[in-house]
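**Student:** File target.cif below, mmCIF, C-alpha atoms:
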```
data_input
#
loop_
_atom_site.label_atom_id
_atom_site.label_comp_id
_atom_site.auth_asym_id
_atom_site.auth_seq_id
_atom_site.Cartn_x
_atom_site.Cartn_y
_atom_site.Cartn_z
CA MET E 6 47.26 49.30 71.18
CA ALA E 7 47.60 52.99 70.47
CA ASP E 8 49.14 54.86 73.33
CA ASN E 9 46.35 57.45 73.25
CA GLN E 10 46.45 58.39 76.95
CA GLN E 11 49.97 59.65 76.75
CA THR E 12 49.41 63.31 76.08
CA GLN E 13 50.74 64.89 79.23
CA LEU E 14 49.47 68.35 78.33
CA SER E 15 46.97 69.21 75.62
CA HIS E 16 49.34 71.57 73.81
CA PRO E 17 52.90 71.47 75.20
CA THR E 18 54.56 74.85 74.81
CA ASP E 19 58.13 73.61 75.21
CA PHE E 20 60.17 70.64 76.40
CA ASN E 21 60.04 71.91 80.01
CA SER E 22 56.37 70.88 80.09
CA PHE E 23 57.29 67.22 79.54
CA LEU E 24 57.01 65.30 82.81
CA GLY E 25 59.92 63.10 83.89
CA ASN E 26 62.79 61.38 82.07
CA ALA E 27 64.80 64.60 81.78
CA GLY E 28 68.00 62.75 80.85
CA ALA E 29 66.42 60.92 77.90
CA VAL E 30 64.72 64.10 76.64
CA GLU E 31 67.93 66.14 76.87
CA HIS E 32 69.83 63.41 75.00
CA LEU E 33 67.34 63.56 72.13
CA ARG E 34 67.30 67.37 72.07
CA THR E 35 71.11 67.40 71.90
CA ALA E 36 71.03 64.94 69.00
CA ILE E 37 68.56 67.11 67.06
CA ALA E 38 70.59 70.28 67.66
CA ALA E 39 73.73 68.51 66.40
CA GLY E 40 71.92 67.04 63.37
CA ARG E 41 72.43 63.50 64.69
CA LEU E 42 68.89 62.33 65.46
CA PRO E 43 68.83 58.63 64.41
CA HIS E 44 66.98 57.89 61.19
CA SER E 45 65.30 54.95 62.97
CA LEU E 46 64.36 55.33 66.64
CA ILE E 47 62.38 53.22 69.12
CA LEU E 48 60.79 55.16 71.99
CA SER E 49 59.85 52.55 74.58
CA GLY E 50 58.19 52.69 77.97
CA PRO E 51 54.90 51.97 79.75
CA ALA E 52 51.58 53.24 78.44
CA GLY E 53 51.10 56.81 79.63
CA ALA E 54 54.82 57.54 79.95
CA GLY E 55 54.54 60.16 77.22
CA LYS E 56 55.98 58.35 74.19
CA TYR E 57 53.51 59.82 71.73
CA THR E 58 53.71 63.29 73.28
CA LEU E 59 57.50 63.21 73.11
CA ALA E 60 57.49 61.91 69.52
CA LEU E 61 55.35 64.86 68.39
CA MET E 62 57.54 67.30 70.33
CA LEU E 63 60.60 65.85 68.60
CA ALA E 64 58.83 66.22 65.25
CA MET E 65 58.05 69.86 66.03
CA SER E 66 61.66 70.45 67.06
CA VAL E 67 63.00 68.96 63.81
CA GLU E 68 60.51 70.79 61.58
CA CYS E 69 60.24 74.14 63.44
CA GLU E 70 60.85 77.09 61.12
CA ARG E 71 62.51 79.16 63.87
CA GLN E 72 64.74 76.42 65.36
CA PRO E 73 65.11 77.90 68.89
CA ARG E 74 67.98 76.60 71.04
CA ASP E 75 68.61 76.33 74.79
CA LEU E 76 72.08 76.09 76.30
CA TRP E 77 72.75 73.10 78.54
CA SER E 78 74.88 73.45 81.67
CA ASN E 79 77.86 71.78 79.94
CA GLY E 80 77.67 74.15 76.99
CA LEU E 81 75.86 71.80 74.58
CA SER E 82 72.99 73.16 72.52
CA LEU E 83 69.48 71.77 73.10
CA ALA E 84 66.93 71.85 70.27
CA GLY E 85 63.49 73.32 70.96
CA PHE E 86 60.41 74.41 69.06
CA CYS E 87 58.57 77.72 68.88
CA GLY E 88 55.04 76.28 68.87
CA VAL E 89 53.70 79.14 66.74
CA CYS E 90 55.18 78.73 63.25
CA ARG E 91 53.16 77.09 60.51
CA ASN E 92 54.97 73.76 60.84
CA CYS E 93 54.62 73.61 64.63
CA THR E 94 50.95 74.52 64.70
CA ARG E 95 50.00 71.93 62.10
CA ILE E 96 51.88 69.13 63.83
CA ALA E 97 50.32 70.16 67.17
CA THR E 98 46.82 69.43 65.82
CA ALA E 99 47.62 65.70 66.20
CA PHE E 100 48.29 65.75 69.96
CA ASN E 101 44.84 64.32 70.67
CA LEU E 102 45.50 61.04 68.89
CA ALA E 103 42.21 59.38 69.89
CA ASP E 104 40.18 62.16 68.25
CA GLU E 105 42.26 62.01 65.07
CA ILE E 106 41.81 58.23 64.84
CA ASP E 107 38.05 58.60 65.34
CA LYS E 108 37.91 61.13 62.50
CA ALA E 109 39.89 58.85 60.19
CA VAL E 110 37.71 55.83 61.01
CA ALA E 111 34.54 57.89 60.49
CA ALA E 112 35.82 59.08 57.10
CA ARG E 113 36.52 55.49 56.10
CA GLU E 114 33.00 54.45 57.08
CA GLU E 115 31.63 56.96 54.56
CA LEU E 116 33.34 55.16 51.68
CA ARG E 117 31.87 52.46 49.46
CA GLU E 118 32.30 48.91 50.78
CA THR E 119 34.88 48.07 48.11
CA ASP E 120 36.97 51.14 49.03
CA LYS E 121 36.76 50.54 52.81
CA LYS E 122 38.75 47.32 52.52
CA GLU E 123 41.62 49.09 50.77
CA THR E 124 41.66 52.20 53.00
CA ARG E 125 43.94 52.26 56.02
CA VAL E 126 43.87 54.66 58.97
CA LEU E 127 46.60 57.31 58.61
CA ILE E 128 46.96 60.64 60.41
CA GLN E 129 48.70 63.41 58.47
CA PRO E 130 48.73 66.76 60.31
CA HIS E 131 51.52 68.09 58.06
CA PRO E 132 52.57 67.17 54.49
CA ASP E 133 55.88 65.82 55.84
CA VAL E 134 54.65 64.19 59.05
CA LEU E 135 52.71 60.91 58.89
CA ILE E 136 51.34 59.16 61.97
CA ILE E 137 50.47 55.47 61.72
CA PRO E 138 48.28 53.98 64.51
CA PRO E 139 47.13 50.35 64.73
CA ASP E 140 44.30 49.91 62.26
CA PRO E 141 40.87 49.04 63.73
CA PRO E 142 39.26 46.67 64.42
CA GLN E 143 42.21 44.24 64.74
CA LEU E 144 44.40 47.04 66.15
CA LEU E 145 47.43 45.96 64.15
CA ILE E 146 49.67 48.02 61.89
CA LYS E 147 48.95 46.64 58.44
CA LEU E 148 50.79 46.26 55.17
CA GLY E 149 48.87 49.07 53.45
CA GLN E 150 49.94 51.53 56.14
CA VAL E 151 53.60 50.60 55.83
CA ARG E 152 53.38 50.80 52.05
CA SER E 153 52.08 54.36 52.41
CA LEU E 154 55.10 55.14 54.60
CA ILE E 155 57.53 53.66 52.06
CA HIS E 156 55.89 55.46 49.16
CA SER E 157 56.09 58.82 50.95
CA ALA E 158 59.65 58.20 52.15
CA ASN E 159 60.85 57.88 48.57
CA TYR E 160 60.03 61.54 47.91
CA LEU E 161 61.85 64.60 49.22
CA PRO E 162 60.13 66.71 51.91
CA ALA E 163 57.58 69.15 50.51
CA GLU E 164 57.59 71.94 53.10
CA ALA E 165 59.90 71.01 55.97
CA PRO E 166 63.54 69.96 56.44
CA ARG E 167 62.75 66.28 57.03
CA LYS E 168 60.04 63.67 56.62
CA ILE E 169 58.96 62.15 59.92
CA PHE E 170 56.96 58.95 60.37
CA ILE E 171 55.57 57.98 63.78
CA LEU E 172 54.27 54.42 64.29
CA THR E 173 52.31 54.54 67.53
CA ALA E 174 52.52 50.85 68.50
CA SER E 175 54.68 47.76 67.95
CA SER E 176 51.81 45.40 67.06
CA PHE E 177 52.42 44.61 63.38
CA MET E 178 50.98 42.14 60.94
CA LYS E 179 53.82 39.88 59.78
CA GLU E 180 53.84 41.24 56.22
CA ALA E 181 53.85 44.83 57.51
CA ALA E 182 56.81 44.17 59.80
CA ASN E 183 58.80 42.57 56.99
CA SER E 184 57.99 45.45 54.69
CA LEU E 185 59.07 48.04 57.28
CA LEU E 186 62.34 46.20 57.73
CA LYS E 187 63.27 46.97 54.13
CA VAL E 188 63.08 50.75 54.59
CA LEU E 189 64.87 50.55 57.96
CA GLU E 190 67.83 48.84 56.29
CA GLU E 191 68.51 51.88 54.10
CA PRO E 192 66.38 54.85 55.23
CA PRO E 193 66.57 57.90 52.96
CA ALA E 194 68.77 60.71 54.30
CA THR E 195 65.79 63.05 54.78
CA VAL E 196 63.66 60.52 56.74
CA HIS E 197 63.20 59.84 60.47
CA ILE E 198 61.09 56.85 61.54
CA ILE E 199 59.99 56.77 65.19
CA LEU E 200 58.43 53.57 66.58
CA LEU E 201 56.58 53.71 69.89
CA SER E 202 56.51 50.54 71.96
CA GLU E 203 55.44 49.40 75.40
CA ASN E 204 57.31 46.15 74.79
CA PRO E 205 60.09 46.27 72.16
CA GLY E 206 60.27 42.48 72.42
CA GLU E 207 57.15 42.40 70.22
CA LEU E 208 59.23 43.77 67.35
CA LEU E 209 61.30 41.57 65.08
CA PRO E 210 64.91 41.30 66.29
CA THR E 211 66.00 42.56 62.88
CA ILE E 212 63.89 45.71 63.37
CA ARG E 213 65.26 46.32 66.86
CA SER E 214 68.84 45.91 65.66
CA ARG E 215 68.38 48.66 63.06
CA CYS E 216 66.97 51.24 65.49
CA ALA E 217 68.37 53.32 68.33
CA ASN E 218 66.35 52.68 71.51
CA VAL E 219 65.46 55.36 74.06
CA ARG E 220 63.47 54.13 77.06
CA LEU E 221 61.19 56.31 79.16
CA GLY E 222 61.32 54.99 82.72
CA ALA E 223 58.59 54.93 85.34
CA LEU E 224 58.33 57.81 87.82
CA PRO E 225 58.31 57.05 91.58
CA VAL E 226 54.88 56.69 93.20
CA GLU E 227 55.62 59.63 95.50
CA GLU E 228 56.36 61.89 92.53
CA ILE E 229 53.12 60.84 90.83
CA GLU E 230 51.18 61.60 94.03
CA MET E 231 52.73 65.07 94.23
CA LEU E 232 51.85 65.67 90.58
CA LEU E 233 48.22 64.62 91.19
CA SER E 234 48.03 66.84 94.27
CA ASP E 235 49.18 69.78 92.16
CA ARG E 236 47.25 69.12 88.93
CA ARG E 237 44.15 67.30 90.24
CA PRO E 238 43.40 68.75 93.69
CA ASP E 239 39.75 67.69 93.28
CA VAL E 240 40.76 64.03 93.72
CA PRO E 241 40.61 62.87 97.38
CA ALA E 242 43.92 61.88 98.97
CA LYS E 243 43.07 58.14 99.21
CA GLN E 244 42.14 58.06 95.54
CA ARG E 245 45.35 59.91 94.63
CA THR E 246 47.36 57.18 96.37
CA LEU E 247 45.46 54.47 94.50
CA ILE E 248 45.77 56.23 91.13
CA ALA E 249 49.49 56.86 91.67
CA ARG E 250 50.06 53.11 92.08
CA LEU E 251 47.74 52.06 89.26
CA ALA E 252 49.39 54.52 86.85
CA GLN E 253 52.52 52.33 86.97
CA GLY E 254 54.88 55.29 86.99
CA ALA E 255 53.31 57.00 83.96
CA ALA E 256 52.54 60.68 84.54
CA GLY E 257 50.23 61.04 81.57
CA ARG E 258 48.21 58.00 82.57
CA ALA E 259 47.89 59.29 86.13
CA LEU E 260 46.62 62.72 85.06
CA ASN E 261 44.03 61.18 82.74
CA PHE E 262 43.12 58.22 84.95
CA ASP E 263 39.40 57.41 84.99
CA LEU E 264 39.05 55.66 88.34
CA ALA E 265 35.32 54.98 87.89
CA THR E 266 35.88 53.14 84.60
CA TYR E 267 38.79 51.24 86.10
CA THR E 268 36.87 50.08 89.18
CA THR E 269 33.93 48.98 87.00
CA ALA E 270 36.26 46.83 84.88
CA ARG E 271 38.03 45.59 88.00
CA ALA E 272 34.73 44.39 89.51
CA ASP E 273 34.30 42.11 86.49
CA ALA E 274 37.93 40.97 86.72
CA LEU E 275 37.39 40.11 90.38
CA LEU E 276 34.39 38.00 89.39
CA PHE E 277 36.73 35.88 87.26
CA LEU E 278 39.11 35.48 90.20
CA ARG E 279 36.34 34.55 92.63
CA GLN E 280 34.84 32.17 90.08
CA ALA E 281 38.15 30.34 89.83
CA THR E 282 39.21 30.39 93.50
CA GLN E 283 35.98 30.26 95.49
CA GLU E 284 32.49 28.81 95.10
CA PRO E 285 31.62 29.37 91.42
CA ASP E 286 28.57 31.38 90.44
CA HIS E 287 28.09 30.57 86.75
CA THR E 288 24.90 32.61 86.46
CA ALA E 289 26.62 35.83 87.53
CA LEU E 290 29.61 35.07 85.30
CA PHE E 291 27.61 34.43 82.12
CA LYS E 292 25.42 37.46 82.80
CA MET E 293 28.57 39.58 82.99
CA THR E 294 30.34 38.16 79.91
CA GLU E 295 27.21 38.67 77.81
CA THR E 296 27.75 42.43 78.16
CA TYR E 297 31.02 42.18 76.19
CA ARG E 298 29.55 42.48 72.73
CA ALA E 299 31.04 43.24 69.33
CA GLY E 300 31.92 46.71 68.09
CA ALA E 301 34.38 49.38 69.12
CA GLU E 302 32.73 49.95 72.51
CA GLY E 303 32.89 46.26 73.35
CA GLN E 304 36.49 46.11 72.23
CA GLN E 305 37.48 48.97 74.52
CA LYS E 306 35.53 47.48 77.42
CA THR E 307 37.23 44.10 76.93
CA GLY E 308 40.64 45.76 76.78
CA GLU E 309 39.96 47.52 80.10
CA LEU E 310 38.85 44.23 81.69
CA LEU E 311 41.97 42.37 80.55
CA HIS E 312 44.24 45.20 81.70
CA THR E 313 42.72 45.27 85.18
CA PHE E 314 42.94 41.47 85.41
CA SER E 315 46.64 41.58 84.55
CA LEU E 316 47.22 44.10 87.35
CA LEU E 317 45.38 41.85 89.80
CA LEU E 318 47.60 38.92 88.78
CA GLU E 319 50.69 41.07 89.31
CA ASP E 320 49.42 41.97 92.79
CA LEU E 321 48.97 38.28 93.61
CA LEU E 322 52.57 37.67 92.57
CA LEU E 323 53.79 40.57 94.72
CA ILE E 324 51.98 39.13 97.74
CA GLN E 325 53.33 35.63 97.12
CA SER E 326 56.86 37.00 96.73
CA GLY E 327 56.70 38.65 100.14
CA THR E 328 56.36 42.28 98.99
CA PRO E 329 52.70 43.13 99.71
CA GLU E 330 53.67 46.78 100.27
CA LEU E 331 54.11 47.06 96.49
CA VAL E 332 50.52 46.01 95.70
CA ARG E 333 48.86 48.47 93.31
CA ASN E 334 45.22 47.79 94.16
CA THR E 335 45.74 48.98 97.72
CA ASP E 336 42.03 49.14 98.53
CA LEU E 337 41.67 45.40 97.78
CA ARG E 338 44.76 44.21 99.62
CA PRO E 339 42.96 42.05 102.27
CA GLU E 340 40.95 40.15 99.63
CA LEU E 341 43.95 39.81 97.32
CA GLU E 342 45.98 38.36 100.20
CA ARG E 343 43.27 35.74 100.80
CA ILE E 344 43.25 34.81 97.11
CA ALA E 345 47.05 34.76 96.88
CA HIS E 346 47.21 32.22 99.72
CA SER E 347 44.69 29.95 97.95
CA VAL E 348 46.48 29.66 94.59
CA SER E 349 49.94 28.54 93.48
CA PHE E 350 52.56 30.35 91.46
CA GLN E 351 51.88 27.85 88.66
CA TRP E 352 48.19 28.85 88.66
CA ILE E 353 49.09 32.53 88.30
CA GLU E 354 51.50 31.65 85.49
CA GLN E 355 48.80 29.65 83.67
CA ALA E 356 46.28 32.45 84.21
CA SER E 357 48.72 34.88 82.59
CA ARG E 358 49.11 32.57 79.57
CA SER E 359 45.34 32.27 79.25
CA LEU E 360 45.06 36.05 79.41
CA ASP E 361 47.49 36.33 76.49
CA GLN E 362 45.26 33.96 74.51
CA VAL E 363 42.26 36.24 75.04
CA TRP E 364 44.31 39.23 73.83
CA SER E 365 45.26 37.21 70.75
CA GLY E 366 41.62 36.28 70.17
CA MET E 367 40.63 39.95 70.29
CA ARG E 368 43.05 40.66 67.45
CA ARG E 369 41.48 37.86 65.42
CA ASN E 370 38.00 39.25 66.10
CA LEU E 371 36.79 36.16 67.99
CA LEU E 372 33.43 36.45 69.75
CA ARG E 373 34.35 38.18 72.99
CA SER E 374 31.72 36.74 75.32
CA LEU E 375 32.65 33.17 74.32
CA SER E 376 36.36 33.95 74.65
CA LEU E 377 35.78 35.24 78.17
CA ASP E 378 33.68 32.20 79.10
CA ALA E 379 36.48 29.93 77.85
CA PHE E 380 38.98 32.02 79.82
CA SER E 381 36.98 31.48 83.00
CA GLY E 382 36.92 27.74 82.37
CA GLN E 383 40.68 27.66 81.92
CA LEU E 384 41.17 29.50 85.22
CA ALA E 385 38.94 27.05 87.08
CA THR E 386 40.59 23.91 85.66
CA ALA E 387 44.12 25.23 86.23
CA ARG E 388 43.77 25.01 90.04
#
```
Written as structure tokens, how would this file's structure read?

**Tutor:**
Amino acid sequence: MADNQQTQLSHPTDFNSFLGNAGAVEHLRTAIAAGRLPHSLILSGPAGAGKYTLALMLAMSVECERQPRDLWSNGLSLAGFCGVCRNCTRIATAFNLADEIDKAVAAREELRETDKKETRVLIQPHPDVLIIPPDPPQLLIKLGQVRSLIHSANYLPAEAPRKIFILTASSFMKEAANSLLKVLEEPPATVHIILLSENPGELLPTIRSRCANVRLGALPVEEIEMLLSDRRPDVPAKQRTLIARLAQGAAGRALNFDLATYTTARADALLFLRQATQEPDHTALFKMTETYRAGAEGQQKTGELLHTFSLLLEDLLLIQSGTPELVRNTDLRPELERIAHSVSFQWIEQASRSLDQVWSGMRRNLLRSLSLDAFSGQLATAR
């Protein structure tokens, strides 16, 4: 899935505006200033940690016409970007990734049917910067996208010092992953490839072994709460506490968190849990799953449901492991404790496997309402 909630600020003016992970950011800035930025780099970390934001800031720093520098305390030079030159301003137009993807998908829809099948979603804010998101509707990076990367990489930069390619997720079709591996083995001297990943384990071991890996860690809950208090004072204190835990240490996710959408999806996820652990109400369940229809809206809604369900399962595990103080859905703790005491660890493990199957079915475009009904049946029989 594209990490499209990562933008920590709409238009970062410098690296000081990036929230958290100062050590990792300074390491990368030092590498750019010394001309040693790896040709192949994995930026990993949870959704909302700022991977996409940081990748664009790195691209601006590499391509900036003015090449400003800061001096670190130990005397090392730190690369920056001016934000106003022609290269910086063009790259900055891609900070709102979701909007850029929507534009690309809309442009594809205007094509003839025969051309749609051959056209892949690519974002190119600058002639030498290409951004590759998972291609809808399967939300996988496809062979045609990687071929576009390889084709462009074989040419020298047109207007900037380097060519930069940003792949915004690690969910690849098999052929695309194998094709990318070829260019990673011997990347051209003027090329930097940045892969963004929530879970680098999804990538082929041969891809991981050919890339440097920089991980963006989670911020403490207390730090997220302070950030919300400063940036979103309109949010009540109790909601700030809840959002800080649900954001899973990701500053960007916390600042953009839509609590209303989350609680709506969570209500449906709770229905699955109650269906499996209490007296079943099949009528209510089928009425709910029927609302998960085809199309982009249904796909997003299903993704939100599955995400909230995974967080509920994690909370059940935390309660069973004797650490209820770490529960994320703090407002549901009494009910979650009742459920946790009525199921086994093996049930939670099986529920997690079944959840993975629904995610896999989404990628294969299976009928969502039927997939969710089957998921509910698996939960009930696993007890």

**Student:** I'd like the contact shell of range 226-233 of chain E - 10 Å cut-off, all atoms listed in the file, skipping same-chain residues fewer than 5 positions apart - returned as an NGL selection string.

**Tutor:** :E and (24-25 or 238-242 or 244-257 or 259-260)

**Student:** For Ile96 in chain E, which residue out of E:Pro130, E:Gly206, E:Gly366, E:Pro73 is the nearest one, using all atoms listed in the file?

**Tutor:**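 Answer, going by the shortest atom-to-atom distance: E:Pro130.
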
**Student:** Give the answer as one residue: which of E:Glu190, E:Glu123, E:Asp361, E:Glu330 has the shortest atom-to-atom distance to Arg152 in chain E, using all atoms listed in the file?

**Tutor:**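 Between E:Glu190, E:Glu123, E:Asp361, E:Glu330, the residue approaching Arg152 in chain E most closely is E:Glu123.
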
**Student:** Please report as JSON lines every residue of range 239-298 of chain E lying within 12 Å of range 345-359 of chain E, along with the nearest atom pair and their distance in Å (one decimal), using all atoms listed in the file.

**Tutor:**
```
{"residue": "E:Phe277", "atom": "CA", "partner": "E:Ala356", "partner_atom": "CA", "distance": 10.6}
{"residue": "E:Leu278", "atom": "CA", "partner": "E:Ala356", "partner_atom": "CA", "distance": 9.8}
{"residue": "E:Arg279", "atom": "CA", "partner": "E:Ser347", "partner_atom": "CA", "distance": 10.9}
{"residue": "E:Ala281", "atom": "CA", "partner": "E:Val348", "partner_atom": "CA", "distance": 9.6}
{"residue": "E:Thr282", "atom": "CA", "partner": "E:Ser347", "partner_atom": "CA", "distance": 7.1}
{"residue": "E:Gln283", "atom": "CA", "partner": "E:Ser347", "partner_atom": "CA", "distance": 9.1}
```

**Student:** What does the distance between CA of Leu59 in chain E and CA of Ser315 in chain E come to in Å, to one decimal place?

**Tutor:**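 Interatomic distance here is 26.8 Å.
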
**Student:** Add whatever atoms are absent from range 129-156 of chain E to reach N, CA and C atoms, and provide the output as an mmCIF file, keeping the file's coordinate frame.

**Tutor:**
```cif
data_model
loop_
_atom_site.group_PDB
_atom_site.id
_atom_site.type_symbol
_atom_site.label_atom_id
_atom_site.label_comp_id
_atom_site.auth_asym_id
_atom_site.auth_seq_id
_atom_site.Cartn_x
_atom_site.Cartn_y
_atom_site.Cartn_z
ATOM 1 N N GLN E 129 47.689 62.553 59.088
ATOM 2 C CA GLN E 129 48.700 63.410 58.470
ATOM 3 C C GLN E 129 48.423 64.873 58.796
ATOM 4 N N PRO E 130 48.971 65.367 59.926
ATOM 5 C CA PRO E 130 48.730 66.760 60.310
ATOM 6 C C PRO E 130 49.548 67.747 59.495
ATOM 7 N N HIS E 131 50.594 67.252 58.823
ATOM 8 C CA HIS E 131 51.520 68.090 58.060
ATOM 9 C C HIS E 131 51.951 67.283 56.836
ATOM 10 N N PRO E 132 52.191 67.926 55.686
ATOM 11 C CA PRO E 132 52.570 67.170 54.490
ATOM 12 C C PRO E 132 53.796 66.266 54.682
ATOM 13 N N ASP E 133 54.658 66.601 55.637
ATOM 14 C CA ASP E 133 55.880 65.820 55.840
ATOM 15 C C ASP E 133 55.891 65.046 57.145
ATOM 16 N N VAL E 134 54.749 64.960 57.804
ATOM 17 C CA VAL E 134 54.650 64.190 59.050
ATOM 18 C C VAL E 134 53.466 63.231 58.915
ATOM 19 N N LEU E 135 53.753 61.927 59.013
ATOM 20 C CA LEU E 135 52.710 60.910 58.890
ATOM 21 C C LEU E 135 52.691 60.064 60.149
ATOM 22 N N ILE E 136 51.513 59.927 60.741
ATOM 23 C CA ILE E 136 51.340 59.160 61.970
ATOM 24 C C ILE E 136 50.541 57.909 61.647
ATOM 25 N N ILE E 137 51.067 56.760 62.071
ATOM 26 C CA ILE E 137 50.470 55.470 61.720
ATOM 27 C C ILE E 137 50.064 54.746 62.997
ATOM 28 N N PRO E 138 48.758 54.722 63.334
ATOM 29 C CA PRO E 138 48.280 53.980 64.510
ATOM 30 C C PRO E 138 47.869 52.566 64.099
ATOM 31 N N PRO E 139 47.698 51.664 65.067
ATOM 32 C CA PRO E 139 47.130 50.350 64.730
ATOM 33 C C PRO E 139 45.766 50.523 64.083
ATOM 34 N N ASP E 140 45.517 49.756 63.044
ATOM 35 C CA ASP E 140 44.300 49.910 62.260
ATOM 36 C C ASP E 140 43.153 49.108 62.875
ATOM 37 N N PRO E 141 42.017 49.766 63.184
ATOM 38 C CA PRO E 141 40.870 49.040 63.730
ATOM 39 C C PRO E 141 40.247 48.137 62.659
ATOM 40 N N PRO E 142 39.543 47.056 63.028
ATOM 41 C CA PRO E 142 39.260 46.670 64.420
ATOM 42 C C PRO E 142 40.323 45.742 65.023
ATOM 43 N N GLN E 143 41.224 45.175 64.190
ATOM 44 C CA GLN E 143 42.210 44.240 64.740
ATOM 45 C C GLN E 143 43.281 44.928 65.578
ATOM 46 N N LEU E 144 43.399 46.249 65.420
ATOM 47 C CA LEU E 144 44.400 47.040 66.150
ATOM 48 C C LEU E 144 45.818 46.531 65.887
ATOM 49 N N LEU E 145 46.095 46.314 64.609
ATOM 50 C CA LEU E 145 47.430 45.960 64.150
ATOM 51 C C LEU E 145 47.857 46.946 63.082
ATOM 52 N N ILE E 146 49.156 47.212 62.996
ATOM 53 C CA ILE E 146 49.670 48.020 61.890
ATOM 54 C C ILE E 146 49.775 47.107 60.678
ATOM 55 N N LYS E 147 49.151 47.531 59.587
ATOM 56 C CA LYS E 147 48.950 46.640 58.440
ATOM 57 C C LYS E 147 49.839 47.024 57.260
ATOM 58 N N LEU E 148 49.896 46.107 56.320
ATOM 59 C CA LEU E 148 50.790 46.260 55.170
ATOM 60 C C LEU E 148 50.495 47.542 54.405
ATOM 61 N N GLY E 149 49.219 47.866 54.197
ATOM 62 C CA GLY E 149 48.870 49.070 53.450
ATOM 63 C C GLY E 149 49.398 50.328 54.102
ATOM 64 N N GLN E 150 49.411 50.367 55.418
ATOM 65 C CA GLN E 150 49.940 51.530 56.140
ATOM 66 C C GLN E 150 51.438 51.670 55.928
ATOM 67 N N VAL E 151 52.152 50.554 56.021
ATOM 68 C CA VAL E 151 53.600 50.600 55.830
ATOM 69 C C VAL E 151 53.940 50.936 54.383
ATOM 70 N N ARG E 152 53.146 50.453 53.455
ATOM 71 C CA ARG E 152 53.380 50.800 52.050
ATOM 72 C C ARG E 152 53.213 52.301 51.822
ATOM 73 N N SER E 153 52.244 52.910 52.517
ATOM 74 C CA SER E 153 52.080 54.360 52.410
ATOM 75 C C SER E 153 53.314 55.075 52.938
ATOM 76 N N LEU E 154 53.876 54.573 54.035
ATOM 77 C CA LEU E 154 55.100 55.140 54.600
ATOM 78 C C LEU E 154 56.239 55.054 53.578
ATOM 79 N N ILE E 155 56.422 53.870 53.007
ATOM 80 C CA ILE E 155 57.530 53.660 52.060
ATOM 81 C C ILE E 155 57.370 54.545 50.841
ATOM 82 N N HIS E 156 56.145 54.625 50.343
ATOM 83 C CA HIS E 156 55.890 55.460 49.160
ATOM 84 C C HIS E 156 56.239 56.917 49.439
#
```
